[in-house]
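Have a look at the structure below before the remarks.
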Amino acid sequence: MNKIIRFIPALLIISIILVDFTFAGEGRQRISSTSSEYSDVSDIEAEIRFGRELAARILGNYKLLEDEKINRYVNLVGKGLALYAGRPEIRYHFGVLDSDEINAFAAPGGYIFITRGALMKMDNEAQLAGVLAHEIAHVVKKHVVKELNIRGDEGSGAAGIASLVGGSTGTLRVALEQALDDAADILFNKGYKIKDEIEADRVGILVASVAGYDPSGLKEFLNNVKSFEKEDKTYKGEHPIFEVRMREINETLRAHGLQDVKKAKARERFYENIKK
């Protein structure tokens with residue numbers, strides 16, 4: 001296959017943070033485009049405003065890591081991935097949470113967080129990219145947005161989130177708080193539906209691969225942290241969630257011819273920025 005060299009934004013070249021964007025036969029493309037589903041600008045505004053409020057909830061539970069170098073590095077990796085995610089109307093923000101927990105969160109509108117504990121369980125930048133791309137995929141596929149029917153009009157299930165955010169009446173604020181409670185419950189307790197997790201795995205793997213990273217990064221990280229995963233008492237599937245996700249990840253890699261593809265892992269750069 002012909003090798004195509006991607007043109008990298010000047011900021012990323014200067015920073016020398018992201019992988020060298022050289023890959024075979026994939027071209028500069030976005031994995032998924034959902035812009036057509038957002039014909040109403042108010043829906044986009046509602047998603048972003050709701051996500052900002054939910055991000056504040058996350059930061060109410062966790063403190064941001066006070067390390068400019070690590071936060072900058074994670075932001076550059078994440079924003080580089082977002083270029084290929086297919087939602088140019090979203091401006092992504094990434095933050096590292098100062099917690100030993102092994103976790104990551106994605107709020108609607110592009111607010112994505114990863115814990116220090118998760119970073120410490122990673123071995124290279126490809127694994128970081130795999131996890132961030134997975135969280136980006138939750139935003140791209142609007143999993144929380146669809147679950148709670150977050151829209152900008154008055155006909156939405158949450159009575160028009162756009163009008164709720166910043167609403168001056170007690171009734172509006174109560175409705176917003178209930179919607180935020182439901183979203184926080186998904187992130188902190190219930191988790192996403194298994195079909196949403198599988199979709200985020202699939203899209204995330206493809207985004208990371210197109211961005212030039214080794215497509216097995218997410219798989220490697222999940223294997224690293226398998227013993228730390230909480231058992232989901234509500235899941236009634238025939239096989240444990242981990243087994244289901246790994247089976248689907250392997251199928252994604254196989255279906256796209258990525259199971260034996262070796263791309264950048266950037267281990268040295270990861271250790272220089274995260275674990276030094």
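By order of appearance in the structure tokens: chains A, B, ..., then residues from 1 within every chain, and ligands from 1 in the order shown.
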
For Glu248 (chain A), list every protein, DNA or RNA residue within 8 Å, evaluated using only C-alpha atoms, and leave out those in the same chain fewer than 3 positions away; present the list as a list in words.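 Contacts, with the query itself left out: Ile198, Arg202, Val244, Arg245, Glu251 and Thr252 of chain A.
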
Tell me, which residues of region 24-142 of chain A carry DSSP alpha helix (DSSP H), written as number ranges by chain? A: 41-61, 68-82, 116-120, 125-140

Give me the residues near Ala183 (chain A) as an NGL selection string, where near means some atom within 12 Å (using only C-alpha atoms) and where sequence neighbours in that chain fewer than 4 positions away do not count. :A and (50-51 or 53-55 or 57-58 or 105-108 or 143-150 or 158 or 176-179 or 187-192)

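Every protein or nucleic acid residue with an atom no more than 12 Å from His256 (chain A), counting only C-alpha atoms and leaving out same-chain residues fewer than 2 positions away, appears here: Glu26, Arg202, Val203, Ile205, Leu206, Ser209, Val210, Pro215, Ile249, Asn250, Glu251, Thr252, Leu253, Arg254, Leu258, Gln259, Asp260 and Val261 of chain A.
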
For the residues in that selection, give me N, CA and C atoms as a PDB file, in the first residue's frame.
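So out.pdb came out as:
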ATOM      1  N   GLU A  26      -4.950   4.520   4.822  1.00  0.00           N
ATOM      2  CA  GLU A  26      -6.158   4.924   5.512  1.00  0.00           C
ATOM      3  C   GLU A  26      -6.560   6.349   5.173  1.00  0.00           C
ATOM      4  N   ARG A 202     -15.338   0.089  19.605  1.00  0.00           N
ATOM      5  CA  ARG A 202     -15.140  -0.051  18.161  1.00  0.00           C
ATOM      6  C   ARG A 202     -14.709   1.272  17.529  1.00  0.00           C
ATOM      7  N   VAL A 203     -15.468   2.324  17.806  1.00  0.00           N
ATOM      8  CA  VAL A 203     -15.156   3.630  17.221  1.00  0.00           C
ATOM      9  C   VAL A 203     -13.814   4.131  17.740  1.00  0.00           C
ATOM     10  N   ILE A 205     -11.184   2.422  18.770  1.00  0.00           N
ATOM     11  CA  ILE A 205     -10.077   1.687  18.142  1.00  0.00           C
ATOM     12  C   ILE A 205      -9.787   2.249  16.761  1.00  0.00           C
ATOM     13  N   LEU A 206     -10.831   2.514  15.990  1.00  0.00           N
ATOM     14  CA  LEU A 206     -10.642   3.021  14.633  1.00  0.00           C
ATOM     15  C   LEU A 206     -10.095   4.445  14.636  1.00  0.00           C
ATOM     16  N   SER A 209      -6.416   4.238  15.539  1.00  0.00           N
ATOM     17  CA  SER A 209      -5.643   3.664  14.446  1.00  0.00           C
ATOM     18  C   SER A 209      -5.429   4.673  13.321  1.00  0.00           C
ATOM     19  N   VAL A 210      -6.501   5.375  12.936  1.00  0.00           N
ATOM     20  CA  VAL A 210      -6.375   6.384  11.882  1.00  0.00           C
ATOM     21  C   VAL A 210      -5.446   7.516  12.318  1.00  0.00           C
ATOM     22  N   PRO A 215      -3.377  -0.052  17.084  1.00  0.00           N
ATOM     23  CA  PRO A 215      -4.806  -0.263  17.364  1.00  0.00           C
ATOM     24  C   PRO A 215      -5.083  -1.162  18.556  1.00  0.00           C
ATOM     25  N   ILE A 249     -13.837  -6.479  20.747  1.00  0.00           N
ATOM     26  CA  ILE A 249     -12.621  -5.760  20.354  1.00  0.00           C
ATOM     27  C   ILE A 249     -11.817  -6.590  19.363  1.00  0.00           C
ATOM     28  N   ASN A 250     -11.664  -7.867  19.671  1.00  0.00           N
ATOM     29  CA  ASN A 250     -10.927  -8.753  18.757  1.00  0.00           C
ATOM     30  C   ASN A 250     -11.626  -8.837  17.400  1.00  0.00           C
ATOM     31  N   GLU A 251     -12.956  -8.830  17.402  1.00  0.00           N
ATOM     32  CA  GLU A 251     -13.697  -8.880  16.144  1.00  0.00           C
ATOM     33  C   GLU A 251     -13.507  -7.595  15.350  1.00  0.00           C
ATOM     34  N   THR A 252     -13.485  -6.449  16.044  1.00  0.00           N
ATOM     35  CA  THR A 252     -13.231  -5.174  15.370  1.00  0.00           C
ATOM     36  C   THR A 252     -11.849  -5.163  14.728  1.00  0.00           C
ATOM     37  N   LEU A 253     -10.856  -5.614  15.470  1.00  0.00           N
ATOM     38  CA  LEU A 253      -9.505  -5.670  14.933  1.00  0.00           C
ATOM     39  C   LEU A 253      -9.436  -6.593  13.719  1.00  0.00           C
ATOM     40  N   ARG A 254     -10.108  -7.739  13.809  1.00  0.00           N
ATOM     41  CA  ARG A 254     -10.095  -8.691  12.703  1.00  0.00           C
ATOM     42  C   ARG A 254     -10.832  -8.142  11.488  1.00  0.00           C
ATOM     43  N   LEU A 258      -6.753  -5.222  11.428  1.00  0.00           N
ATOM     44  CA  LEU A 258      -5.850  -4.518  12.332  1.00  0.00           C
ATOM     45  C   LEU A 258      -5.200  -5.417  13.372  1.00  0.00           C
ATOM     46  N   GLN A 259      -5.537  -6.709  13.386  1.00  0.00           N
ATOM     47  CA  GLN A 259      -5.052  -7.567  14.465  1.00  0.00           C
ATOM     48  C   GLN A 259      -3.538  -7.738  14.464  1.00  0.00           C
ATOM     49  N   ASP A 260      -2.916  -7.640  13.304  1.00  0.00           N
ATOM     50  CA  ASP A 260      -1.458  -7.794  13.223  1.00  0.00           C
ATOM     51  C   ASP A 260      -0.757  -6.500  12.816  1.00  0.00           C
ATOM     52  N   VAL A 261      -1.495  -5.416  12.800  1.00  0.00           N
ATOM     53  CA  VAL A 261      -0.928  -4.123  12.407  1.00  0.00           C
ATOM     54  C   VAL A 261      -0.135  -3.534  13.575  1.00  0.00           C
TER      55      VAL A 261
END

Just want the 12 Å neighbourhood of Phe270 (chain A), counted on only C-alpha atoms, with same-chain residues fewer than 3 positions away dropped. Output as a list in words. Ile16, Ile17, Leu18, Val19, Lys69, Ile70, Tyr73, Val74, Val77, Leu119, Met120, Lys121, Met122, Asp123, Asn124, Glu125, Ala126, Gln127, Leu128, Ala129, Ala264, Lys265, Ala266, Arg267, Asn273, Ile274, Lys275 and Lys276 of chain A

Quick check for you: according to DSSP on this backbone, which residues of region 59-249 of chain A are classed as strand (DSSP E or B)? Reply as a count of residues only. 16

Calculated over only C-alpha atoms, which of the candidates A:Thr115, A:Phe221, A:Glu199, A:Val96 has the smallest distance to Glu68 (chain A)?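 Nearest candidate to Glu68 (chain A) out of A:Thr115, A:Phe221, A:Glu199, A:Val96: A:Val96.
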
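Pairwise distance (CA of Ala56 (chain A), CA of Tyr111 (chain A)) equals 9.8 Å.
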
Ile44 (chain A) surroundings by only C-alpha atoms, 9 Å radius, close-in-sequence under 2 positions cut, as a PDB file with N, CA and C atoms, in the first residue's frame:
ATOM      1  N   TYR A  38     -27.461  16.771  13.773  1.00  0.00           N
ATOM      2  CA  TYR A  38     -27.597  17.981  14.563  1.00  0.00           C
ATOM      3  C   TYR A  38     -28.006  19.140  13.669  1.00  0.00           C
ATOM      4  N   SER A  39     -29.125  18.997  12.993  1.00  0.00           N
ATOM      5  CA  SER A  39     -29.590  20.062  12.122  1.00  0.00           C
ATOM      6  C   SER A  39     -30.023  21.285  12.923  1.00  0.00           C
ATOM      7  N   ASP A  40     -30.424  21.066  14.178  1.00  0.00           N
ATOM      8  CA  ASP A  40     -30.861  22.150  15.039  1.00  0.00           C
ATOM      9  C   ASP A  40     -29.684  22.604  15.894  1.00  0.00           C
ATOM     10  N   VAL A  41     -29.248  23.832  15.671  1.00  0.00           N
ATOM     11  CA  VAL A  41     -28.116  24.360  16.423  1.00  0.00           C
ATOM     12  C   VAL A  41     -28.403  24.364  17.916  1.00  0.00           C
ATOM     13  N   SER A  42     -29.660  24.531  18.289  1.00  0.00           N
ATOM     14  CA  SER A  42     -29.994  24.557  19.710  1.00  0.00           C
ATOM     15  C   SER A  42     -29.689  23.226  20.382  1.00  0.00           C
ATOM     16  N   ALA A  46     -27.389  22.910  23.586  1.00  0.00           N
ATOM     17  CA  ALA A  46     -27.915  22.243  24.775  1.00  0.00           C
ATOM     18  C   ALA A  46     -26.957  21.166  25.256  1.00  0.00           C
ATOM     19  N   GLU A  47     -26.426  20.390  24.315  1.00  0.00           N
ATOM     20  CA  GLU A  47     -25.479  19.333  24.682  1.00  0.00           C
ATOM     21  C   GLU A  47     -24.250  19.910  25.359  1.00  0.00           C
ATOM     22  N   ILE A  48     -23.697  20.979  24.780  1.00  0.00           N
ATOM     23  CA  ILE A  48     -22.482  21.578  25.332  1.00  0.00           C
ATOM     24  C   ILE A  48     -22.739  22.191  26.700  1.00  0.00           C
ATOM     25  N   ARG A  49     -23.843  22.886  26.838  1.00  0.00           N
ATOM     26  CA  ARG A  49     -24.147  23.533  28.119  1.00  0.00           C
ATOM     27  C   ARG A  49     -24.436  22.491  29.201  1.00  0.00           C
ATOM     28  N   GLU A  89     -18.022  20.269  15.254  1.00  0.00           N
ATOM     29  CA  GLU A  89     -18.746  21.322  15.977  1.00  0.00           C
ATOM     30  C   GLU A  89     -18.462  21.290  17.476  1.00  0.00           C
ATOM     31  N   ILE A  90     -17.788  20.235  17.929  1.00  0.00           N
ATOM     32  CA  ILE A  90     -17.480  20.089  19.346  1.00  0.00           C
ATOM     33  C   ILE A  90     -16.031  20.494  19.609  1.00  0.00           C
ATOM     34  N   GLY A 109     -20.750  17.122  25.006  1.00  0.00           N
ATOM     35  CA  GLY A 109     -20.145  18.391  24.634  1.00  0.00           C
ATOM     36  C   GLY A 109     -18.643  18.376  24.599  1.00  0.00           C
ATOM     37  N   ARG A 151     -32.070  17.716  24.363  1.00  0.00           N
ATOM     38  CA  ARG A 151     -32.279  18.520  23.170  1.00  0.00           C
ATOM     39  C   ARG A 151     -32.506  19.963  23.575  1.00  0.00           C
ATOM     40  N   GLY A 152     -32.508  20.821  22.584  1.00  0.00           N
ATOM     41  CA  GLY A 152     -32.656  22.237  22.873  1.00  0.00           C
ATOM     42  C   GLY A 152     -34.076  22.732  22.844  1.00  0.00           C
TER      43      GLY A 152
END
